file structure.txt (compact mmCIF, C-alpha atoms)
# COMPACT_ATOMS: atom_id res chain seq x y z
CA MET Z 505 -65.79 134.78 105.80
CA LYS Z 506 -66.51 133.65 102.26
CA ASP Z 507 -67.33 130.12 103.42
CA SER Z 508 -69.83 131.49 105.95
CA ASN Z 509 -71.61 133.55 103.28
CA SER Z 510 -71.76 130.63 100.85
CA SER Z 511 -73.13 128.31 103.52
CA HIS Z 512 -75.86 130.83 104.40
CA LEU Z 513 -76.66 131.16 100.70
CA LYS Z 514 -76.95 127.39 100.30
CA GLU Z 515 -79.15 127.17 103.39
CA ALA Z 516 -81.46 129.88 102.06
CA TRP Z 517 -81.83 128.18 98.66
CA VAL Z 518 -82.49 124.82 100.33
CA LEU Z 519 -85.11 126.48 102.52
CA CYS Z 520 -86.84 128.00 99.47
CA PHE Z 521 -86.82 124.59 97.76
CA ILE Z 522 -88.22 122.78 100.80
CA LEU Z 523 -90.98 125.37 101.27
CA GLY Z 524 -91.93 125.00 97.61
CA ILE Z 525 -92.08 121.23 97.93
CA ILE Z 526 -94.20 121.51 101.09
CA MET Z 527 -96.52 123.94 99.33
CA LEU Z 528 -97.16 121.39 96.55
CA ASN Z 529 -97.32 118.33 98.80
CA TYR Z 530 -100.31 116.28 99.98
CA PRO Z 531 -101.40 118.05 103.18
CA PHE Z 532 -101.69 121.50 101.63
CA LEU Z 533 -103.25 120.24 98.42
CA HIS Z 534 -105.75 118.24 100.45
CA ILE Z 535 -106.62 121.28 102.59
CA PHE Z 536 -107.45 123.35 99.52
CA ASN Z 537 -109.14 120.58 97.51
CA LYS Z 538 -112.68 121.49 98.56
CA ASP Z 539 -115.90 121.97 96.61
CA ARG Z 540 -115.87 125.67 97.38
CA LEU Z 541 -115.68 128.50 94.85
CA VAL Z 542 -114.00 131.81 95.53
CA PHE Z 543 -114.84 134.40 92.86
CA ASP Z 544 -116.15 131.47 90.76
CA ILE Z 545 -112.72 129.80 90.87
CA PRO Z 546 -112.24 126.44 92.62
CA LEU Z 547 -110.27 126.83 95.84
CA LEU Z 548 -107.47 124.47 94.77
CA VAL Z 549 -106.97 126.29 91.48
CA LEU Z 550 -106.96 129.63 93.28
CA TYR Z 551 -104.39 128.29 95.76
CA LEU Z 552 -102.10 127.20 92.92
CA LEU Z 553 -102.66 130.39 90.89
CA VAL Z 554 -101.82 132.57 93.90
CA GLY Z 555 -99.19 130.37 95.57
CA TRP Z 556 -97.04 129.86 92.49
CA PRO Z 557 -96.51 133.60 91.73
CA ILE Z 558 -95.93 134.30 95.43
CA SER Z 559 -93.19 131.66 95.53
CA ILE Z 560 -91.64 133.17 92.39
CA LEU Z 561 -91.83 136.64 93.98
CA VAL Z 562 -90.08 135.39 97.13
CA ILE Z 563 -87.26 133.88 95.06
CA PHE Z 564 -87.02 137.09 92.99
CA LEU Z 565 -86.76 139.25 96.12
CA PHE Z 566 -84.19 136.87 97.57
CA THR Z 567 -81.97 137.02 94.49
CA ARG Z 568 -82.42 140.79 94.26
CA SER Z 569 -81.23 141.23 97.84
CA LEU Z 570 -78.21 139.08 97.02
CA LYS Z 571 -77.30 141.42 94.14
CA ASN Z 572 -77.32 144.38 96.54
CA GLN Z 573 -74.90 142.72 98.95
CA PRO Z 574 -71.22 143.28 98.21
CA LEU Z 575 -69.25 140.19 97.30
CA ASP Z 576 -66.23 139.38 99.43
CA HIS Z 577 -63.99 137.99 96.66
CA ASP Z 578 -61.15 140.51 97.17
CA SER Z 579 -60.91 140.25 100.95
CA GLY Z 580 -57.12 139.95 100.85
CA SER Z 581 -56.34 142.62 98.26
CA ASP Z 582 -55.87 146.34 98.88
CA ASN Z 583 -57.47 147.45 95.59
CA HIS Z 584 -60.81 148.49 97.05
CA LYS Z 585 -59.71 149.91 100.40
CA GLY Z 586 -60.54 153.54 100.87
CA LYS Z 587 -62.85 153.73 97.86
CA LYS Z 588 -66.50 154.56 98.32
CA GLU Z 589 -69.06 152.81 96.22
CA GLY Z 590 -71.84 154.96 94.93
call {"tool": "encode", "arguments": {"input": "structure.txt", "output": "structure tokens"}}
result
Amino acid sequence: MKDSNSSHLKEAWVLCFILGIIMLNYPFLHIFNKDRLVFDIPLLVLYLLVGWPISILVIFLFTRSLKNQPLDHDSGSDNHKGKKEG
């Protein structure tokens, strides 16, 4: 069970990394590199200023959800059986 959880964790981190790389790669940068201003901010700068904090927020929410999940380190021991966590 522990190996399954760690493989899902690795897959999720790899997915976050790949999405971040795609976000900063040529096609997306080229799409937003236009001579258009949004609220007097160039579109590419606005894309980077909005996209970077959103990617940080996604990683923060991901790590926060991991903290809320119980770890399965003591799966073979009887120390925690019958106890409720509050």
call {"tool": "residues_around", "arguments": {"input": "structure.txt", "residues": "segment 565-571 of chain Z", "least_positions_apart": "3", "cutoff": "10 Å", "atoms": "only C-alpha atoms", "output": "PyMOL selection string"}}
result
chain Z and resi 513+516-517+520+559-562+574-575
call {"tool": "residues_around", "arguments": {"input": "structure.txt", "residues": "Phe536 of chain Z", "least_positions_apart": "4", "cutoff": "7 Å", "atoms": "all atoms listed in the file", "output": "list in words"}}
result
Phe532, Leu547, Leu548 and Tyr551 of chain Z
call {"tool": "axis_aligned_box", "arguments": {"input": "structure.txt", "around": "segment 511-518 of chain Z", "padding_each_side": "8 Å", "output": "JSON"}}
result
{"center_x": -77.8, "center_y": 128.0, "center_z": 101.5, "size_x": 25.4, "size_y": 22.3, "size_z": 21.7}
call {"tool": "atom_distance", "arguments": {"input": "structure.txt", "atom1": "atom CA of Leu519 of chain Z", "atom2": "atom CA of Leu552 of chain Z"}}
result
19.5 Å
call {"tool": "atom_distance", "arguments": {"input": "structure.txt", "atom1": "atom CA of Asn572 of chain Z", "atom2": "atom CA of Ile526 of chain Z"}}
result
28.8 Å
call {"tool": "atom_distance", "arguments": {"input": "structure.txt", "atom1": "atom CA of Leu528 of chain Z", "atom2": "atom CA of Ile563 of chain Z"}}
result
16.0 Å
call {"tool": "closest_residue", "arguments": {"input": "structure.txt", "among": "Z:Trp556, Z:Leu550, Z:Ser511, Z:Phe521", "to": "Lys538 of chain Z", "atoms": "only C-alpha atoms"}}
result
Z:Leu550
call {"tool": "residues_around", "arguments": {"input": "structure.txt", "residues": "Val549 of chain Z", "least_positions_apart": "3", "cutoff": "12 Å", "atoms": "only C-alpha atoms", "output": "PyMOL selection string"}}
result
chain Z and resi 533+536-546+552-556
call {"tool": "decode", "arguments": {"input": "structure.txt", "residues": "segment 507-570 of chain Z", "atoms": "C-alpha atoms", "output": "PDB file, in the first residue's frame"}}
result
ATOM      1  CA  ASP Z 507       4.453   1.780  -2.599  1.00  0.00           C
ATOM      2  CA  SER Z 508       1.174   2.666  -4.316  1.00  0.00           C
ATOM      3  CA  ASN Z 509       0.884   5.944  -2.383  1.00  0.00           C
ATOM      4  CA  SER Z 510       4.488   6.909  -3.084  1.00  0.00           C
ATOM      5  CA  SER Z 511       4.100   6.163  -6.793  1.00  0.00           C
ATOM      6  CA  HIS Z 512       0.965   8.342  -6.956  1.00  0.00           C
ATOM      7  CA  LEU Z 513       2.851  11.091  -5.121  1.00  0.00           C
ATOM      8  CA  LYS Z 514       5.753  10.907  -7.575  1.00  0.00           C
ATOM      9  CA  GLU Z 515       3.343  10.967 -10.512  1.00  0.00           C
ATOM     10  CA  ALA Z 516       1.592  14.052  -9.146  1.00  0.00           C
ATOM     11  CA  TRP Z 517       4.871  15.936  -8.614  1.00  0.00           C
ATOM     12  CA  VAL Z 518       6.061  14.989 -12.106  1.00  0.00           C
ATOM     13  CA  LEU Z 519       2.749  16.209 -13.514  1.00  0.00           C
ATOM     14  CA  CYS Z 520       3.105  19.557 -11.702  1.00  0.00           C
ATOM     15  CA  PHE Z 521       6.654  19.905 -13.047  1.00  0.00           C
ATOM     16  CA  ILE Z 522       5.657  19.073 -16.619  1.00  0.00           C
ATOM     17  CA  LEU Z 523       2.722  21.507 -16.534  1.00  0.00           C
ATOM     18  CA  GLY Z 524       5.054  24.236 -15.261  1.00  0.00           C
ATOM     19  CA  ILE Z 525       7.533  23.546 -18.049  1.00  0.00           C
ATOM     20  CA  ILE Z 526       4.743  23.585 -20.644  1.00  0.00           C
ATOM     21  CA  MET Z 527       3.460  26.868 -19.233  1.00  0.00           C
ATOM     22  CA  LEU Z 528       6.888  28.484 -19.743  1.00  0.00           C
ATOM     23  CA  ASN Z 529       7.635  26.864 -23.098  1.00  0.00           C
ATOM     24  CA  TYR Z 530       7.544  28.315 -26.624  1.00  0.00           C
ATOM     25  CA  PRO Z 531       3.934  27.749 -27.733  1.00  0.00           C
ATOM     26  CA  PHE Z 532       2.348  29.417 -24.730  1.00  0.00           C
ATOM     27  CA  LEU Z 533       4.860  32.247 -24.603  1.00  0.00           C
ATOM     28  CA  HIS Z 534       4.329  32.843 -28.313  1.00  0.00           C
ATOM     29  CA  ILE Z 535       0.543  32.887 -27.885  1.00  0.00           C
ATOM     30  CA  PHE Z 536       0.754  35.606 -25.238  1.00  0.00           C
ATOM     31  CA  ASN Z 537       3.562  37.626 -26.851  1.00  0.00           C
ATOM     32  CA  LYS Z 538       1.265  40.104 -28.601  1.00  0.00           C
ATOM     33  CA  ASP Z 539       1.267  43.881 -28.849  1.00  0.00           C
ATOM     34  CA  ARG Z 540      -1.891  44.059 -26.768  1.00  0.00           C
ATOM     35  CA  LEU Z 541      -2.278  45.777 -23.401  1.00  0.00           C
ATOM     36  CA  VAL Z 542      -4.648  44.587 -20.707  1.00  0.00           C
ATOM     37  CA  PHE Z 543      -5.058  47.181 -17.944  1.00  0.00           C
ATOM     38  CA  ASP Z 544      -1.972  48.913 -19.418  1.00  0.00           C
ATOM     39  CA  ILE Z 545       0.114  45.762 -18.870  1.00  0.00           C
ATOM     40  CA  PRO Z 546       1.567  43.845 -21.827  1.00  0.00           C
ATOM     41  CA  LEU Z 547      -0.209  40.523 -22.334  1.00  0.00           C
ATOM     42  CA  LEU Z 548       2.946  38.416 -21.913  1.00  0.00           C
ATOM     43  CA  VAL Z 549       3.849  40.129 -18.649  1.00  0.00           C
ATOM     44  CA  LEU Z 550       0.298  39.696 -17.387  1.00  0.00           C
ATOM     45  CA  TYR Z 551       0.410  35.999 -18.342  1.00  0.00           C
ATOM     46  CA  LEU Z 552       3.623  35.504 -16.365  1.00  0.00           C
ATOM     47  CA  LEU Z 553       2.451  37.619 -13.408  1.00  0.00           C
ATOM     48  CA  VAL Z 554      -0.801  35.648 -13.161  1.00  0.00           C
ATOM     49  CA  GLY Z 555       0.455  32.209 -14.224  1.00  0.00           C
ATOM     50  CA  TRP Z 556       3.372  32.051 -11.802  1.00  0.00           C
ATOM     51  CA  PRO Z 557       1.291  32.671  -8.615  1.00  0.00           C
ATOM     52  CA  ILE Z 558      -1.397  30.283  -9.873  1.00  0.00           C
ATOM     53  CA  SER Z 559       1.199  27.536 -10.307  1.00  0.00           C
ATOM     54  CA  ILE Z 560       2.527  28.252  -6.805  1.00  0.00           C
ATOM     55  CA  LEU Z 561      -1.038  28.120  -5.447  1.00  0.00           C
ATOM     56  CA  VAL Z 562      -1.652  24.747  -7.117  1.00  0.00           C
ATOM     57  CA  ILE Z 563       1.524  23.318  -5.575  1.00  0.00           C
ATOM     58  CA  PHE Z 564       0.580  24.801  -2.178  1.00  0.00           C
ATOM     59  CA  LEU Z 565      -2.888  23.235  -2.303  1.00  0.00           C
ATOM     60  CA  PHE Z 566      -1.379  19.930  -3.395  1.00  0.00           C
ATOM     61  CA  THR Z 567       1.077  19.833  -0.493  1.00  0.00           C
ATOM     62  CA  ARG Z 568      -1.625  20.967   1.928  1.00  0.00           C
ATOM     63  CA  SER Z 569      -3.883  18.098   0.871  1.00  0.00           C
ATOM     64  CA  LEU Z 570      -0.972  15.714   1.408  1.00  0.00           C
TER      65      LEU Z 570
END
